$ cat run_36.csv   # CSV, C-alpha atoms
chain,number,residue,atom,x,y,z
F,1,MET,CA,-17.3,18.7,-5.1
F,2,VAL,CA,-18.9,15.9,-3.1
F,3,SER,CA,-21.2,13.1,-4.2
F,4,ALA,CA,-24.3,12.3,-2.2
F,5,PRO,CA,-23.1,10.6,1.0
F,6,SER,CA,-24.3,7.1,1.9
F,7,ALA,CA,-23.4,4.8,4.8
F,8,ASP,CA,-22.8,2.0,2.3
F,9,CYS,CA,-20.5,3.9,0.0
F,10,PRO,CA,-16.7,3.9,0.6
F,11,ALA,CA,-15.4,7.4,0.8
F,12,LEU,CA,-12.9,8.4,-1.9
F,13,LEU,CA,-10.8,11.5,-2.2
F,14,VAL,CA,-9.6,12.6,-5.7
F,15,VAL,CA,-6.7,15.1,-5.8
F,16,ASP,CA,-5.8,16.4,-9.2
F,17,ASP,CA,-5.1,19.9,-10.5
F,18,GLU,CA,-6.7,19.2,-13.9
F,19,PRO,CA,-10.4,20.2,-13.7
F,20,GLU,CA,-11.6,18.0,-16.5
F,21,LEU,CA,-9.9,14.9,-15.2
F,22,ARG,CA,-10.9,15.6,-11.6
F,23,SER,CA,-14.6,16.0,-12.7
F,24,LEU,CA,-14.4,12.8,-14.8
F,25,LEU,CA,-12.9,10.8,-12.0
F,26,ALA,CA,-15.5,12.1,-9.5
F,27,GLU,CA,-18.4,11.3,-11.8
F,28,TYR,CA,-17.1,7.9,-12.8
F,29,PHE,CA,-16.4,6.7,-9.2
F,30,ALA,CA,-19.7,8.1,-8.0
F,31,ARG,CA,-21.5,6.0,-10.6
F,32,HIS,CA,-19.7,2.9,-9.3
F,33,GLY,CA,-20.8,3.3,-5.7
F,34,PHE,CA,-18.3,5.7,-4.1
F,35,ALA,CA,-18.9,8.8,-2.0
F,36,VAL,CA,-16.4,11.1,-3.8
F,37,GLU,CA,-14.8,14.3,-2.7
F,38,ALA,CA,-12.5,16.1,-5.2
F,39,ALA,CA,-9.7,18.5,-4.4
F,40,ALA,CA,-7.8,20.7,-6.8
F,41,ASP,CA,-4.5,20.8,-4.8
F,42,ALA,CA,-2.8,19.6,-1.6
F,43,ALA,CA,-4.2,22.4,0.5
F,44,ALA,CA,-7.7,21.5,-0.4
F,45,ALA,CA,-7.0,17.9,0.2
F,46,ARG,CA,-5.6,18.6,3.7
F,47,SER,CA,-8.8,20.6,4.5
F,48,ALA,CA,-11.0,17.7,3.3
F,49,LEU,CA,-9.0,15.3,5.4
F,50,ALA,CA,-9.4,17.4,8.5
F,51,VAL,CA,-13.2,16.9,8.2
F,52,ARG,CA,-13.2,13.2,7.2
F,53,ALA,CA,-10.6,10.6,6.3
F,54,PRO,CA,-11.6,8.6,3.3
F,55,ALA,CA,-11.1,4.9,2.7
F,56,LEU,CA,-8.8,5.7,-0.2
F,57,ALA,CA,-7.2,8.7,-1.9
F,58,ILE,CA,-6.2,9.0,-5.6
F,59,LEU,CA,-3.3,11.5,-5.7
F,60,ASP,CA,-1.8,13.0,-8.8
F,61,ILE,CA,2.0,13.3,-8.3
F,62,ASN,CA,2.6,16.3,-10.6
F,63,MET,CA,0.6,19.3,-9.1
F,64,PRO,CA,1.7,22.9,-8.7
F,65,GLY,CA,2.7,24.0,-5.2
F,66,GLU,CA,2.9,21.0,-2.9
F,67,ASN,CA,3.1,17.9,-5.1
F,68,GLY,CA,1.5,14.5,-4.6
F,69,LEU,CA,4.6,12.9,-3.2
F,70,SER,CA,4.8,15.5,-0.4
F,71,LEU,CA,1.1,15.1,0.3
F,72,ALA,CA,1.4,11.3,0.3
F,73,ARG,CA,4.3,11.5,2.9
F,74,TRP,CA,2.1,13.6,5.2
F,75,MET,CA,-0.9,11.4,4.7
F,76,ARG,CA,1.1,8.3,5.6
F,77,GLU,CA,2.0,9.9,8.9
F,78,ALA,CA,-1.3,11.6,9.7
F,79,HIS,CA,-3.7,9.0,8.2
F,80,PRO,CA,-1.9,5.7,7.9
F,81,ARG,CA,-5.0,3.6,7.3
F,82,VAL,CA,-6.1,5.6,4.2
F,83,GLY,CA,-5.3,3.7,1.0
F,84,LEU,CA,-3.1,5.6,-1.5
F,85,VAL,CA,-3.1,5.2,-5.3
F,86,MET,CA,-0.7,7.5,-7.1
F,87,LEU,CA,-1.2,8.9,-10.6
F,88,THR,CA,2.0,9.3,-12.6
F,89,THR,CA,3.1,10.0,-16.2
F,90,ALA,CA,4.4,6.9,-18.0
F,91,SER,CA,8.0,8.1,-17.9
F,92,ASP,CA,8.2,9.0,-14.2
F,93,THR,CA,9.8,5.8,-13.0
F,94,ILE,CA,11.7,7.7,-10.2
F,95,ASP,CA,8.4,9.2,-9.0
F,96,ARG,CA,6.8,5.7,-8.9
F,97,VAL,CA,9.7,4.4,-6.9
F,98,VAL,CA,9.6,7.3,-4.4
F,99,GLY,CA,5.8,7.0,-4.1
F,100,LEU,CA,6.0,3.3,-3.3
F,101,GLU,CA,8.8,4.0,-0.8
F,102,LEU,CA,6.6,6.6,0.9
F,103,GLY,CA,3.9,4.0,1.4
F,104,ALA,CA,1.6,4.2,-1.6
F,105,ASP,CA,-0.4,1.1,-2.1
F,106,ASP,CA,-0.4,1.3,-5.9
F,107,TYR,CA,0.4,3.5,-8.8
F,108,VAL,CA,-1.3,4.0,-12.2
F,109,PRO,CA,0.6,5.7,-15.1
F,110,LYS,CA,-1.2,8.2,-17.3
F,111,PRO,CA,-2.9,7.8,-19.6
F,112,PHE,CA,-5.0,5.1,-18.1
F,113,GLU,CA,-8.3,3.3,-18.6
F,114,MET,CA,-10.9,4.1,-16.1
F,115,ARG,CA,-11.8,0.5,-15.6
F,116,GLU,CA,-8.3,-0.4,-14.7
F,117,LEU,CA,-8.1,2.4,-12.2
F,118,LEU,CA,-11.4,1.3,-10.7
F,119,ALA,CA,-10.1,-2.3,-10.4
F,120,ARG,CA,-6.9,-1.2,-8.7
F,121,VAL,CA,-8.8,1.0,-6.2
F,122,ARG,CA,-11.1,-1.9,-5.4
F,123,ALA,CA,-8.1,-4.2,-5.0
F,124,VAL,CA,-6.5,-1.9,-2.5
F,125,LEU,CA,-9.7,-1.6,-0.5
F,126,ARG,CA,-10.1,-5.4,-0.4
F,127,ARG,CA,-6.6,-5.8,0.9
F,128,ALA,CA,-7.4,-3.2,3.6
F,129,GLU,CA,-10.6,-5.0,4.7
F,130,THR,CA,-9.5,-8.6,5.0
F,131,THR,CA,-6.3,-10.6,5.5
F,132,ALA,CA,-5.4,-12.6,2.4
F,133,ALA,CA,-6.0,-16.3,2.9
F,134,ALA,CA,-3.0,-18.6,2.7
F,135,PRO,CA,-3.6,-20.9,-0.4
F,136,ALA,CA,-1.1,-23.5,0.4
F,137,ALA,CA,0.1,-23.2,4.0
F,138,PRO,CA,-1.8,-23.4,7.3
F,139,ALA,CA,-2.3,-20.1,9.2
F,140,PRO,CA,-0.1,-19.5,12.2
F,141,SER,CA,-1.3,-21.3,15.4
F,142,GLY,CA,-2.0,-18.0,17.2
F,143,ARG,CA,-3.5,-14.7,16.1
F,144,ARG,CA,-0.2,-12.9,16.9
F,145,VAL,CA,3.2,-13.6,15.3
F,146,ALA,CA,6.5,-12.3,16.6
F,147,PHE,CA,8.8,-10.4,14.2
F,148,GLY,CA,11.7,-9.9,16.5
F,149,ALA,CA,10.7,-7.4,19.2
F,150,CYS,CA,7.5,-6.5,17.2
F,151,VAL,CA,4.3,-8.4,17.1
F,152,LEU,CA,1.9,-8.8,14.1
F,153,ASP,CA,-1.8,-9.1,15.1
F,154,LEU,CA,-3.4,-11.0,12.3
F,155,GLU,CA,-7.0,-10.4,13.5
F,156,GLU,CA,-6.7,-6.7,14.1
F,157,ARG,CA,-4.3,-6.1,11.3
F,158,ARG,CA,-1.9,-4.2,13.5
F,159,LEU,CA,1.9,-4.2,14.0
F,160,LEU,CA,2.9,-3.5,17.6
F,161,GLY,CA,6.3,-2.4,18.7
F,162,ALA,CA,8.3,-3.6,21.8
F,163,ASP,CA,6.4,-0.9,23.8
F,164,ALA,CA,3.1,-2.4,22.6
F,165,ARG,CA,2.4,0.8,20.7
F,166,ASP,CA,1.1,0.7,17.1
F,167,ILE,CA,3.6,0.9,14.3
F,168,ASP,CA,2.1,2.5,11.2
F,169,ILE,CA,2.0,0.1,8.3
F,170,SER,CA,0.0,0.3,5.0
F,171,ALA,CA,-2.5,-2.5,4.0
F,172,ALA,CA,0.1,-3.7,1.5
F,173,GLU,CA,2.8,-3.9,4.1
F,174,PHE,CA,0.5,-5.8,6.4
F,175,ASP,CA,-0.3,-8.3,3.7
F,176,LEU,CA,3.4,-8.9,3.1
F,177,LEU,CA,4.1,-9.5,6.7
F,178,ALA,CA,1.1,-11.8,7.0
F,179,LEU,CA,2.4,-13.8,4.0
F,180,PHE,CA,5.8,-14.2,5.7
F,181,ALA,CA,4.1,-15.2,8.9
F,182,ARG,CA,2.3,-18.0,7.1
F,183,HIS,CA,5.5,-19.3,5.5
F,184,PRO,CA,8.3,-19.1,8.1
F,185,ASN,CA,11.7,-20.4,6.9
F,186,ARG,CA,10.4,-20.8,3.3
F,187,PRO,CA,12.1,-18.7,0.6
F,188,LEU,CA,9.5,-16.8,-1.5
F,189,ASN,CA,10.3,-15.5,-4.9
F,190,ARG,CA,8.9,-12.2,-6.3
F,191,ASP,CA,6.2,-14.0,-8.3
F,192,GLN,CA,4.9,-15.7,-5.2
F,193,ILE,CA,4.9,-12.5,-3.3
F,194,MET,CA,3.2,-10.6,-6.1
F,195,GLU,CA,0.5,-13.3,-6.5
F,196,GLN,CA,-0.2,-13.9,-2.8
F,197,ALA,CA,0.4,-10.6,-1.1
F,198,HIS,CA,0.4,-7.9,-3.8
F,199,ASN,CA,-2.8,-9.1,-5.5
F,200,ARG,CA,-2.2,-7.6,-8.9
F,201,GLY,CA,-3.1,-9.1,-12.2
F,202,TRP,CA,-1.4,-6.6,-14.5
F,203,ASP,CA,2.2,-5.6,-15.3
F,204,VAL,CA,4.6,-6.3,-12.4
F,205,PHE,CA,6.8,-3.6,-11.1
F,206,ASP,CA,9.4,-5.7,-9.4
F,207,ARG,CA,11.0,-2.8,-7.6
F,208,SER,CA,7.9,-2.3,-5.6
F,209,ILE,CA,8.5,-5.5,-3.7
F,210,ASP,CA,12.1,-4.6,-2.9
F,211,LEU,CA,10.9,-1.2,-1.6
F,212,ARG,CA,8.2,-2.6,0.6
F,213,ILE,CA,10.8,-5.1,2.1
F,214,MET,CA,13.1,-2.2,2.7
F,215,ARG,CA,10.4,-0.2,4.5
F,216,LEU,CA,9.4,-3.2,6.6
F,217,ARG,CA,13.0,-3.8,7.6
F,218,ARG,CA,13.2,-0.3,8.9
F,219,LYS,CA,10.3,-1.0,11.2
F,220,ILE,CA,11.1,-4.5,12.5
F,221,GLU,CA,14.8,-5.1,12.2
F,222,LYS,CA,17.4,-4.1,14.9
F,223,ASN,CA,19.7,-3.1,12.0
F,224,PRO,CA,17.9,-2.7,8.7
F,225,ASP,CA,21.3,-2.8,6.9
F,226,LYS,CA,22.0,-6.3,8.3
F,227,PRO,CA,18.5,-7.9,8.4
F,228,GLU,CA,18.0,-11.0,10.6
F,229,LEU,CA,14.2,-11.5,10.3
F,230,ILE,CA,13.5,-10.9,6.6
F,231,LYS,CA,16.6,-12.1,4.7
F,232,THR,CA,17.5,-11.8,1.1
F,233,VAL,CA,17.9,-15.2,-0.7
F,234,ARG,CA,20.2,-14.5,-3.7
F,235,ASN,CA,18.6,-15.3,-7.1
F,236,VAL,CA,15.4,-16.3,-5.3
F,237,GLY,CA,13.7,-13.6,-3.2
F,238,TYR,CA,13.2,-13.3,0.5
F,239,VAL,CA,12.7,-15.5,3.6
F,240,PHE,CA,11.3,-14.8,7.1
F,241,VAL,CA,13.5,-16.4,9.8
F,242,PRO,CA,11.8,-16.3,13.2
F,243,ALA,CA,14.1,-15.4,16.1
F,244,GLY,CA,13.8,-18.8,17.7
F,245,ASP,CA,15.0,-20.5,14.5
F,246,ARG,CA,18.3,-18.7,14.2
$ encode --input "run_36.csv" --output "structure tokens"
Amino acid sequence: MVSAPSADCPALLVVDDEPELRSLLAEYFARHGFAVEAAADAAAARSALAVRAPALAILDINMPGENGLSLARWMREAHPRVGLVMLTTASDTIDRVVGLELGADDYVPKPFEMRELLARVRAVLRRAETTAAAPAAPAPSGRRVAFGACVLDLEERRLLGADARDIDISAAEFDLLALFARHPNRPLNRDQIMEQAHNRGWDVFDRSIDLRIMRLRRKIEKNPDKPELIKTVRNVGYVFVPAGDR
């Protein structure tokens, strides 16, 4: 089921095996300016993605056959720029942790209010479109910031490896690296990270910050188990230590 396409409408893919919820989500987001395509399972979602990659996908975790976590893992590899919002049941803490570790930008526990889901979807899309402005610190002098052998391009929102090839990162991961780039050698606690990089005004799931740090360390550190760039500050949070300052 596809809403009428429009060049001005962000494309949204809804993947859920419950027909009533799937139709409700498609109708609601279409009324709020989205070009919506709905898929009943992972196979249908893969077929839709082969035709057009949306700006964002809403994935239900618990689906028969291939579940949402498996689909999210594949999407992060095949379509790294697509925003991901996972739908979970309220008790599925482990699924939430795994989903965030796989690269989901946000999660929403069922049952949920449609307005909250809409707000979270819009927040993910905003983060993907623009770099969050630094409220208290000046921006780095250049448009590129070195994270060890990697380079973060602030204008193009890209992370480049030592071989100058793109390293796949989600919008949330980019925002987190950009925040550290603006505050080198300054310990940041989880509240500061949540406010300035995570952009959420509702309940904080602290573990999501730790998981994103862990994913970033795997991409930029020589030894993720002994990080030198993004270090843990006990009882505080994390600090970015540029290579030249060590």
$ closest_residue --input "run_36.csv" --among "F:Cys9, F:Val14, F:Val108, F:Ala146" --to "F:Ala40" --atoms "only C-alpha atoms"
F:Val14
$ residues_around --input "run_36.csv" --residues "F:Leu159" --least-positions-apart "6" --cutoff "10 Å" --atoms "only C-alpha atoms" --output "list in words"
Arg144, Val145, Ala146, Phe147, Cys150, Val151, Leu152, Asp153, Arg165, Asp166, Ile167, Asp168, Ile169, Glu173, Phe174, Leu177, Lys219 and Ile220 of chain F
$ atom_distance --input "run_36.csv" --atom1 "atom CA of F:Val98" --atom2 "atom CA of F:Leu13"
20.9 Å
$ closest_residue --input "run_36.csv" --among "F:Asp16, F:Ala48, F:Val241, F:Pro54" --to "F:Gly68" --atoms "all atoms listed in the file"
F:Asp16
$ atom_distance --input "run_36.csv" --atom1 "atom CA of F:Leu49" --atom2 "atom CA of F:Glu77"
12.7 Å
$ atom_distance --input "run_36.csv" --atom1 "atom CA of F:Asn185" --atom2 "atom CA of F:Asp163"
26.3 Å
$ closest_residue --input "run_36.csv" --among "F:Arg158, F:Arg215, F:Arg143, F:Arg126" --to "F:Gly83" --atoms "only C-alpha atoms"
F:Arg126
$ residues_near_point --input "run_36.csv" --point "(9.7, -11.9, -2.8)" --cutoff "6 Å" --atoms "all atoms listed in the file" --output "list of chain:residue names"
F:Leu188, F:Asn189, F:Arg190, F:Ile193, F:Gly237, F:Tyr238
$ closest_residue --input "run_36.csv" --among "F:Leu24, F:Ala42, F:Ala30, F:Val36" --to "F:Leu12" --atoms "all atoms listed in the file"
F:Val36
